[in-house]
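Note: the block below is input_36.csv and it holds CSV, C-alpha atoms.
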chain,number,residue,atom,x,y,z
J,1,MET,CA,-46.1,40.9,-16.3
J,2,LYS,CA,-49.0,39.0,-14.8
J,3,PHE,CA,-48.5,37.8,-11.3
J,4,ALA,CA,-50.3,35.4,-9.0
J,5,ILE,CA,-49.6,35.8,-5.3
J,6,GLN,CA,-49.9,33.1,-2.7
J,7,VAL,CA,-49.8,34.0,1.1
J,8,ASN,CA,-49.2,31.1,3.3
J,9,GLU,CA,-48.8,32.7,6.8
J,10,GLY,CA,-51.1,34.5,9.2
J,11,PRO,CA,-50.7,38.2,10.0
J,12,TYR,CA,-48.4,39.6,12.7
J,13,GLN,CA,-47.0,36.2,13.7
J,14,HIS,CA,-45.0,36.1,10.4
J,15,GLN,CA,-43.7,38.7,8.0
J,16,ALA,CA,-44.9,36.8,4.9
J,17,SER,CA,-48.2,38.8,4.6
J,18,ASP,CA,-46.3,42.1,5.0
J,19,SER,CA,-43.8,41.1,2.3
J,20,ALA,CA,-46.6,39.9,0.0
J,21,TYR,CA,-48.4,43.2,0.5
J,22,PHE,CA,-45.4,45.3,-0.4
J,23,PHE,CA,-44.6,43.1,-3.4
J,24,THR,CA,-48.1,43.3,-4.7
J,25,LYS,CA,-48.3,47.0,-4.1
J,26,ALA,CA,-45.0,47.6,-5.9
J,27,ALA,CA,-45.9,45.4,-8.8
J,28,LEU,CA,-49.3,47.2,-9.3
J,29,GLU,CA,-47.6,50.6,-9.0
J,30,LYS,CA,-45.1,49.6,-11.7
J,31,GLY,CA,-48.0,48.8,-14.0
J,32,HIS,CA,-47.9,45.0,-13.7
J,33,GLU,CA,-51.1,43.0,-13.4
J,34,VAL,CA,-51.9,40.9,-10.3
J,35,PHE,CA,-54.4,38.3,-11.4
J,36,ARG,CA,-55.2,37.1,-7.9
J,37,VAL,CA,-53.9,37.0,-4.3
J,38,PHE,CA,-54.6,33.6,-2.8
J,39,PHE,CA,-54.6,33.1,0.9
J,40,TYR,CA,-53.7,29.6,2.1
J,41,HIS,CA,-52.7,27.7,5.2
J,42,ASP,CA,-52.8,30.2,8.2
J,43,GLY,CA,-52.8,33.0,5.5
J,44,VAL,CA,-56.6,32.8,5.6
J,45,ASN,CA,-56.4,34.7,8.9
J,46,ASN,CA,-55.4,37.8,6.9
J,47,SER,CA,-59.0,38.2,6.0
J,48,SER,CA,-60.6,38.6,9.5
J,49,ARG,CA,-62.3,41.9,9.8
J,50,LEU,CA,-62.3,41.5,13.6
J,51,THR,CA,-58.6,42.0,13.7
J,52,THR,CA,-57.7,44.8,16.2
J,53,PRO,CA,-54.0,45.6,16.3
J,54,PRO,CA,-52.7,48.3,18.7
J,55,GLN,CA,-53.3,51.9,17.3
J,56,ASP,CA,-49.6,52.5,16.6
J,57,ASP,CA,-49.2,49.3,14.5
J,58,ARG,CA,-50.2,48.6,10.9
J,59,ASN,CA,-53.6,47.1,10.2
J,60,ILE,CA,-52.7,44.3,7.9
J,61,VAL,CA,-56.3,43.3,7.0
J,62,ASN,CA,-57.4,46.8,6.2
J,63,ARG,CA,-54.2,47.5,4.3
J,64,TRP,CA,-54.9,44.5,2.0
J,65,ALA,CA,-58.6,45.7,1.7
J,66,GLU,CA,-57.6,49.2,0.7
J,67,LEU,CA,-55.1,48.0,-1.9
J,68,ALA,CA,-57.8,45.7,-3.3
J,69,GLU,CA,-60.2,48.6,-3.4
J,70,GLN,CA,-57.7,50.8,-5.3
J,71,HIS,CA,-56.7,48.3,-7.9
J,72,ASP,CA,-59.8,46.1,-8.1
J,73,LEU,CA,-57.7,43.2,-6.8
J,74,ASP,CA,-59.2,39.7,-6.5
J,75,MET,CA,-58.4,38.4,-3.0
J,76,VAL,CA,-59.4,34.7,-2.5
J,77,VAL,CA,-59.4,32.8,0.8
J,78,CYS,CA,-59.2,29.0,0.5
J,79,VAL,CA,-62.4,27.5,1.7
J,80,ALA,CA,-60.9,24.3,3.2
J,81,ALA,CA,-58.2,26.2,5.0
J,82,ALA,CA,-60.8,28.8,6.2
J,83,GLN,CA,-63.2,26.1,7.5
J,84,ARG,CA,-60.4,24.6,9.6
J,85,ARG,CA,-59.5,27.9,11.1
J,86,GLY,CA,-62.9,29.5,11.6
J,87,VAL,CA,-62.8,32.1,8.9
J,88,VAL,CA,-66.5,32.5,7.9
J,89,ASP,CA,-68.6,34.4,5.4
J,90,GLU,CA,-72.4,34.5,5.1
J,91,GLY,CA,-72.5,31.4,2.9
J,92,GLU,CA,-70.2,29.3,5.1
J,93,MET,CA,-72.1,30.4,8.2
J,94,GLN,CA,-75.4,29.1,6.8
J,95,ARG,CA,-73.9,25.9,5.3
J,96,ASN,CA,-72.1,24.9,8.5
J,97,GLY,CA,-74.6,26.2,11.0
J,98,LYS,CA,-72.4,28.9,12.6
J,99,ASP,CA,-73.6,31.9,14.6
J,100,ALA,CA,-71.3,34.6,13.1
J,101,THR,CA,-69.2,35.7,10.2
J,102,ASN,CA,-65.8,37.3,10.5
J,103,ILE,CA,-64.5,37.8,6.9
J,104,HIS,CA,-63.7,41.3,5.6
J,105,PRO,CA,-66.1,42.0,2.7
J,106,ARG,CA,-63.2,42.8,0.3
J,107,PHE,CA,-62.1,39.1,0.5
J,108,ARG,CA,-64.0,36.1,-0.9
J,109,ILE,CA,-64.0,32.5,0.0
J,110,SER,CA,-63.5,30.0,-2.8
J,111,GLY,CA,-61.8,26.7,-3.7
J,112,LEU,CA,-58.2,25.6,-4.3
J,113,GLY,CA,-59.0,25.5,-8.0
J,114,GLN,CA,-58.7,29.3,-7.9
J,115,LEU,CA,-55.1,28.9,-6.9
J,116,VAL,CA,-54.4,26.5,-9.7
J,117,GLU,CA,-56.2,28.7,-12.2
J,118,ALA,CA,-54.2,31.7,-11.1
J,119,ALA,CA,-51.0,29.7,-11.6
J,120,ILE,CA,-52.0,28.7,-15.1
J,121,GLN,CA,-53.2,32.2,-16.1
J,122,SER,CA,-50.2,34.2,-14.7
J,123,ASP,CA,-46.7,34.5,-15.9
J,124,ARG,CA,-45.3,34.0,-12.4
J,125,LEU,CA,-46.7,32.5,-9.1
J,126,VAL,CA,-44.9,34.2,-6.2
J,127,VAL,CA,-45.3,32.3,-2.9
J,128,PHE,CA,-44.8,34.1,0.5
J,129,GLY,CA,-44.2,31.9,3.6
J,130,ASP,CA,-41.8,29.5,5.3
N,1,MET,CA,-60.6,22.5,-18.3
N,2,SER,CA,-57.8,24.7,-19.6
N,3,GLU,CA,-56.1,25.1,-23.0
N,4,THR,CA,-52.8,26.0,-21.5
N,5,ILE,CA,-50.6,23.1,-20.3
N,6,LYS,CA,-47.9,24.2,-17.9
N,7,LYS,CA,-45.3,22.2,-16.1
N,8,PHE,CA,-46.3,22.2,-12.5
N,9,LEU,CA,-43.8,21.3,-9.8
N,10,TYR,CA,-45.1,20.8,-6.3
N,11,LEU,CA,-42.1,21.2,-4.1
N,12,ASN,CA,-42.6,19.5,-0.7
N,13,ARG,CA,-40.0,20.6,1.9
N,14,LYS,CA,-41.5,19.8,5.3
N,15,ALA,CA,-42.1,16.9,7.6
N,16,PRO,CA,-45.6,15.4,7.4
N,17,TYR,CA,-46.6,16.3,10.9
N,18,GLY,CA,-45.6,19.2,13.1
N,19,THR,CA,-47.1,21.7,10.7
N,20,ILE,CA,-50.0,21.4,8.2
N,21,TYR,CA,-48.0,22.3,5.1
N,22,ALA,CA,-47.6,18.8,3.8
N,23,TRP,CA,-51.3,17.8,4.2
N,24,GLU,CA,-52.6,21.1,2.6
N,25,SER,CA,-50.0,20.7,-0.2
N,26,LEU,CA,-51.5,17.3,-1.0
N,27,GLU,CA,-54.9,18.9,-1.1
N,28,VAL,CA,-53.7,21.3,-3.8
N,29,VAL,CA,-52.2,18.4,-5.8
N,30,LEU,CA,-55.5,16.5,-5.7
N,31,ILE,CA,-57.7,19.5,-6.7
N,32,GLY,CA,-55.1,20.6,-9.3
N,33,ALA,CA,-55.3,17.2,-11.0
N,34,ALA,CA,-58.6,18.2,-12.5
N,35,PHE,CA,-56.8,20.9,-14.5
N,36,ASP,CA,-54.9,18.4,-16.7
N,37,GLN,CA,-51.5,20.1,-16.3
N,38,ASP,CA,-48.1,18.4,-16.6
N,39,VAL,CA,-47.6,17.6,-12.9
N,40,SER,CA,-44.5,16.6,-11.0
N,41,LEU,CA,-44.0,16.2,-7.3
N,42,ALA,CA,-40.6,16.8,-5.6
N,43,PHE,CA,-39.6,15.8,-2.1
N,44,VAL,CA,-36.6,17.5,-0.6
N,45,GLU,CA,-35.2,18.1,2.9
N,46,ASP,CA,-37.6,17.0,5.7
N,47,GLY,CA,-40.2,16.6,2.9
N,48,VAL,CA,-38.8,13.1,2.2
N,49,TYR,CA,-40.4,12.0,5.5
N,50,GLN,CA,-43.8,12.5,4.0
N,51,LEU,CA,-43.4,9.3,1.9
N,52,THR,CA,-42.1,7.0,4.7
N,53,LYS,CA,-43.8,3.7,5.1
N,54,ASP,CA,-45.8,2.5,8.1
N,55,GLN,CA,-46.6,5.9,9.6
N,56,ASP,CA,-48.5,5.7,12.9
N,57,THR,CA,-50.1,8.9,14.2
N,58,THR,CA,-52.0,7.4,17.1
N,59,GLY,CA,-49.7,9.0,19.6
N,60,ILE,CA,-50.2,12.6,18.3
N,61,GLY,CA,-54.0,12.4,17.7
N,62,MET,CA,-53.7,13.5,14.1
N,63,LYS,CA,-55.1,11.9,10.9
N,64,ASN,CA,-52.6,9.7,9.2
N,65,PHE,CA,-52.9,11.0,5.6
N,66,SER,CA,-50.0,9.0,4.2
N,67,PRO,CA,-52.2,6.4,2.5
N,68,THR,CA,-53.4,9.2,0.2
N,69,TYR,CA,-50.0,9.3,-1.6
N,70,ALA,CA,-50.8,5.8,-2.9
N,71,ALA,CA,-53.8,7.2,-4.7
N,72,LEU,CA,-51.7,9.8,-6.7
N,73,GLY,CA,-51.4,7.4,-9.6
N,74,ASP,CA,-55.2,7.4,-10.0
N,75,TYR,CA,-55.0,11.2,-10.3
N,76,GLU,CA,-52.5,10.9,-13.2
N,77,VAL,CA,-49.6,12.0,-11.0
N,78,LYS,CA,-46.9,9.8,-12.4
N,79,LYS,CA,-43.7,11.8,-11.8
N,80,ILE,CA,-42.4,11.9,-8.2
N,81,PHE,CA,-38.9,13.0,-7.6
N,82,ILE,CA,-37.0,12.3,-4.4
N,83,GLU,CA,-33.7,14.1,-3.7
N,84,LYS,CA,-31.0,11.5,-2.9
N,85,GLU,CA,-28.9,13.9,-0.7
N,86,SER,CA,-32.0,14.6,1.5
N,87,LEU,CA,-32.5,10.9,2.0
N,88,ASP,CA,-28.8,10.3,2.8
N,89,GLU,CA,-28.6,13.2,5.3
N,90,ARG,CA,-31.5,11.6,7.2
N,91,GLY,CA,-30.2,8.0,7.0
N,92,LEU,CA,-33.0,6.9,4.8
N,93,THR,CA,-33.1,4.9,1.6
N,94,LEU,CA,-35.8,4.3,-1.0
N,95,ASP,CA,-36.7,1.1,0.9
N,96,ASP,CA,-37.9,3.3,3.7
N,97,LEU,CA,-40.5,5.0,1.4
N,98,GLN,CA,-43.8,3.8,0.1
N,99,HIS,CA,-43.7,2.1,-3.3
N,100,LEU,CA,-45.8,4.4,-5.5
N,101,VAL,CA,-47.0,3.3,-8.9
N,102,TRP,CA,-49.2,4.3,-11.7
N,103,GLU,CA,-51.0,2.2,-14.3
N,104,ASP,CA,-50.0,2.6,-17.9
N,105,GLU,CA,-53.2,2.3,-20.1
N,106,ASP,CA,-51.0,2.1,-23.2
N,107,ASP,CA,-49.2,-0.9,-21.8
N,108,ASP,CA,-52.1,-3.2,-20.7
N,109,TRP,CA,-52.4,-1.2,-17.4
N,110,ALA,CA,-49.0,-2.4,-16.3
N,111,GLU,CA,-47.9,-0.9,-13.0
N,112,LYS,CA,-45.0,1.4,-13.3
N,113,ASP,CA,-42.9,3.1,-10.7
N,114,SER,CA,-43.7,6.8,-10.0
N,115,ILE,CA,-40.7,7.5,-7.8
N,116,LYS,CA,-37.4,8.5,-9.3
N,117,LEU,CA,-34.4,9.2,-7.2
N,118,VAL,CA,-32.5,12.3,-8.4
N,119,SER,CA,-29.4,14.2,-7.3
N,120,ARG,CA,-29.5,17.7,-5.8
N,121,GLU,CA,-28.2,19.0,-9.1
N,122,GLU,CA,-30.9,17.3,-11.1
N,123,MET,CA,-33.5,18.7,-8.7
N,124,THR,CA,-32.2,22.2,-9.4
N,125,ALA,CA,-32.7,21.5,-13.1
N,126,LEU,CA,-36.3,20.3,-12.5
N,127,MET,CA,-37.1,23.5,-10.7
N,128,GLU,CA,-35.5,25.5,-13.5
N,129,ASP,CA,-37.5,23.6,-16.1
N,130,ALA,CA,-40.9,24.1,-14.4
N,131,ASP,CA,-43.3,26.8,-15.4
N,132,VAL,CA,-44.8,27.0,-11.9
N,133,VAL,CA,-43.3,25.9,-8.6
N,134,PHE,CA,-45.8,25.4,-5.8
N,135,SER,CA,-43.5,25.6,-2.7
N,136,PHE,CA,-44.8,24.0,0.5

Can the structure from this file be put into structure tokens for me?
Amino acid sequence: MKFAIQVNEGPYQHQASDSAYFFTKAALEKGHEVFRVFFYHDGVNNSSRLTTPPQDDRNIVNRWAELAEQHDLDMVVCVAAAQRRGVVDEGEMQRNGKDATNIHPRFRISGLGQLVEAAIQSDRLVVFGD
Amino acid sequence: MSETIKKFLYLNRKAPYGTIYAWESLEVVLIGAAFDQDVSLAFVEDGVYQLTKDQDTTGIGMKNFSPTYAALGDYEVKKIFIEKESLDERGLTLDDLQHLVWEDEDDDWAEKDSIKLVSREEMTALMEDADVVFSF
């Protein structure tokens, strides 16, 4: 089956990102396809490479990035939600005159059309959040 | 834009202010309109507050985005379902909500009602019938 995954909550505050990660990992290991993981609302904060959890805790951002690396997973952060919350890549930095970036290179910033496209192309859209 | 036409149901469950879910849900609906899918919107639980008339956000310093719902007809969003039990539980009736319409080009651009009141049971059937449920 082909899945699209939507993550609506930020890391650590809420379990949604953890659950989405375990679901995505399990689906891939079972041989299913994950068309895209789309990060929306506070979910965009899952892409900050500056995240520094305590050493004895999981690193949610790196964990997503490693899964993406292993399975060539497309992880998209909503641009409008990212702009509101200060999640920035090189392009956004230049466009909006900011002095830094913070996105992990395994994620990419793009539009909401990517969520709609993923929903159209996949057999199931699975949404994680409140 | 796409050959596949799916039944999209945007399920709105939360109050318009307090959290950003309602506003960012509306942004998906507006962007999604460009994909020419079969779109329905549903409002349940506190989500019914999103469509209340005469919203005034001056006291909370947030943008009042409720006028945007009136533009949905121009985006070819013609099917808006409100759950009756959710209204009842909150002491609301359809008269408390905005009157949303769309223009029917096959009927000399007559304005037609977009909002349909449905029971909880009917709402369940709508979800069952949808190909994709965007839950906000």

### Task
Could you list, as number ranges by chain, the residues of chain N having an atom within 12 Å of chain J when counting all atoms listed in the file?
N: 1-14, 19-39, 130-136

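For the point (-50.6, 46.3, -8.1) in file coordinates, the residues within 8 Å, using all atoms listed in the file, are Thr24, Lys25, Ala26, Ala27, Leu28, Glu29, Lys30, Gly31, His32, Glu33, Val34, Leu67, His71 and Leu73 of chain J.
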
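Distances from J:Ile109, J:Gln83, J:Asp72, J:Thr51 to Asn96 of chain J were compared using all atoms listed in the file, and the smallest one belongs to J:Gln83.
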
#### Entry: Residue list as a ChimeraX atom specification for point (-55.4, 41.2, 9.3), cut-off 6 Å, only C-alpha atoms
/J:11,46-48,51,60-61

### Message
Between atom CA of Ser40 of chain N and atom CA of Glu105 of chain N, what distance in Å does the model show, to one decimal?
### Response
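Calculated distance between atom CA of Ser40 of chain N and atom CA of Glu105 of chain N is 19.1 Å.
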
Hey, can I get the axis-aligned box for segment 5-17 of chain N? All listed atoms, 6 Å padding on each side, centre and edge lengths in Å to one decimal, as JSON.
{"center_x": -45.3, "center_y": 19.8, "center_z": -4.7, "size_x": 22.6, "size_y": 20.8, "size_z": 43.2}

### Residues within 8 Å of segment 107-117 of chain N, all atoms listed in the file, excluding chain neighbours under 3 positions, as a ChimeraX atom specification
/N:73,77-84,99-104

Please save C-alpha atoms of the selected residues as a PDB file, in the frame of the given file.
ATOM      1  CA  GLY N  73     -51.400   7.400  -9.600  1.00  0.00           C
ATOM      2  CA  VAL N  77     -49.600  12.000 -11.000  1.00  0.00           C
ATOM      3  CA  LYS N  78     -46.900   9.800 -12.400  1.00  0.00           C
ATOM      4  CA  LYS N  79     -43.700  11.800 -11.800  1.00  0.00           C
ATOM      5  CA  ILE N  80     -42.400  11.900  -8.200  1.00  0.00           C
ATOM      6  CA  PHE N  81     -38.900  13.000  -7.600  1.00  0.00           C
ATOM      7  CA  ILE N  82     -37.000  12.300  -4.400  1.00  0.00           C
ATOM      8  CA  GLU N  83     -33.700  14.100  -3.700  1.00  0.00           C
ATOM      9  CA  LYS N  84     -31.000  11.500  -2.900  1.00  0.00           C
ATOM     10  CA  HIS N  99     -43.700   2.100  -3.300  1.00  0.00           C
ATOM     11  CA  LEU N 100     -45.800   4.400  -5.500  1.00  0.00           C
ATOM     12  CA  VAL N 101     -47.000   3.300  -8.900  1.00  0.00           C
ATOM     13  CA  TRP N 102     -49.200   4.300 -11.700  1.00  0.00           C
ATOM     14  CA  GLU N 103     -51.000   2.200 -14.300  1.00  0.00           C
ATOM     15  CA  ASP N 104     -50.000   2.600 -17.900  1.00  0.00           C
TER      16      ASP N 104
END

### Task
Could you please determine the separation between atom CA of Ile5 of chain J and atom CA of Phe38 of chain J in Å, to one decimal place?
6.0 Å

### Task
May I ask for the distance between atom CA of Ala20 of chain J and atom CA of Asp57 of chain J, given in Å to one decimal place?
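Answer for the atom CA of Ala20 of chain J to atom CA of Asp57 of chain J separation: 17.5 Å.
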
When you get a chance, write out N, CA and C atoms for segment 52-63 of chain J, as a short mmCIF file (atom, residue, chain, number, x, y, z; two decimals), in the coordinates of the input.
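The new file selection.cif reads:
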data_model
loop_
_atom_site.label_atom_id
_atom_site.label_comp_id
_atom_site.auth_asym_id
_atom_site.auth_seq_id
_atom_site.Cartn_x
_atom_site.Cartn_y
_atom_site.Cartn_z
N THR J 52 -57.86 43.47 15.51
CA THR J 52 -57.70 44.80 16.20
C THR J 52 -56.32 44.96 16.71
N PRO J 53 -55.40 45.40 15.84
CA PRO J 53 -54.00 45.60 16.30
C PRO J 53 -53.96 46.91 17.13
N PRO J 54 -52.90 47.09 17.94
CA PRO J 54 -52.70 48.30 18.70
C PRO J 54 -52.71 49.53 17.70
N GLN J 55 -53.10 50.70 18.18
CA GLN J 55 -53.30 51.90 17.30
C GLN J 55 -51.97 52.29 16.59
N ASP J 56 -50.82 52.03 17.25
CA ASP J 56 -49.60 52.50 16.60
C ASP J 56 -48.97 51.41 15.70
N ASP J 57 -49.74 50.35 15.43
CA ASP J 57 -49.20 49.30 14.50
C ASP J 57 -50.05 49.32 13.23
N ARG J 58 -49.50 48.72 12.20
CA ARG J 58 -50.20 48.60 10.90
C ARG J 58 -51.42 47.71 11.05
N ASN J 59 -52.47 48.00 10.28
CA ASN J 59 -53.60 47.10 10.20
C ASN J 59 -53.52 46.29 8.94
N ILE J 60 -53.03 45.08 9.07
CA ILE J 60 -52.70 44.30 7.90
C ILE J 60 -53.94 43.95 7.06
N VAL J 61 -55.04 43.66 7.73
CA VAL J 61 -56.30 43.30 7.00
C VAL J 61 -56.80 44.49 6.22
N ASN J 62 -56.89 45.63 6.89
CA ASN J 62 -57.40 46.80 6.20
C ASN J 62 -56.50 47.29 5.09
N ARG J 63 -55.20 47.08 5.31
CA ARG J 63 -54.20 47.50 4.30
C ARG J 63 -54.42 46.69 3.01
#
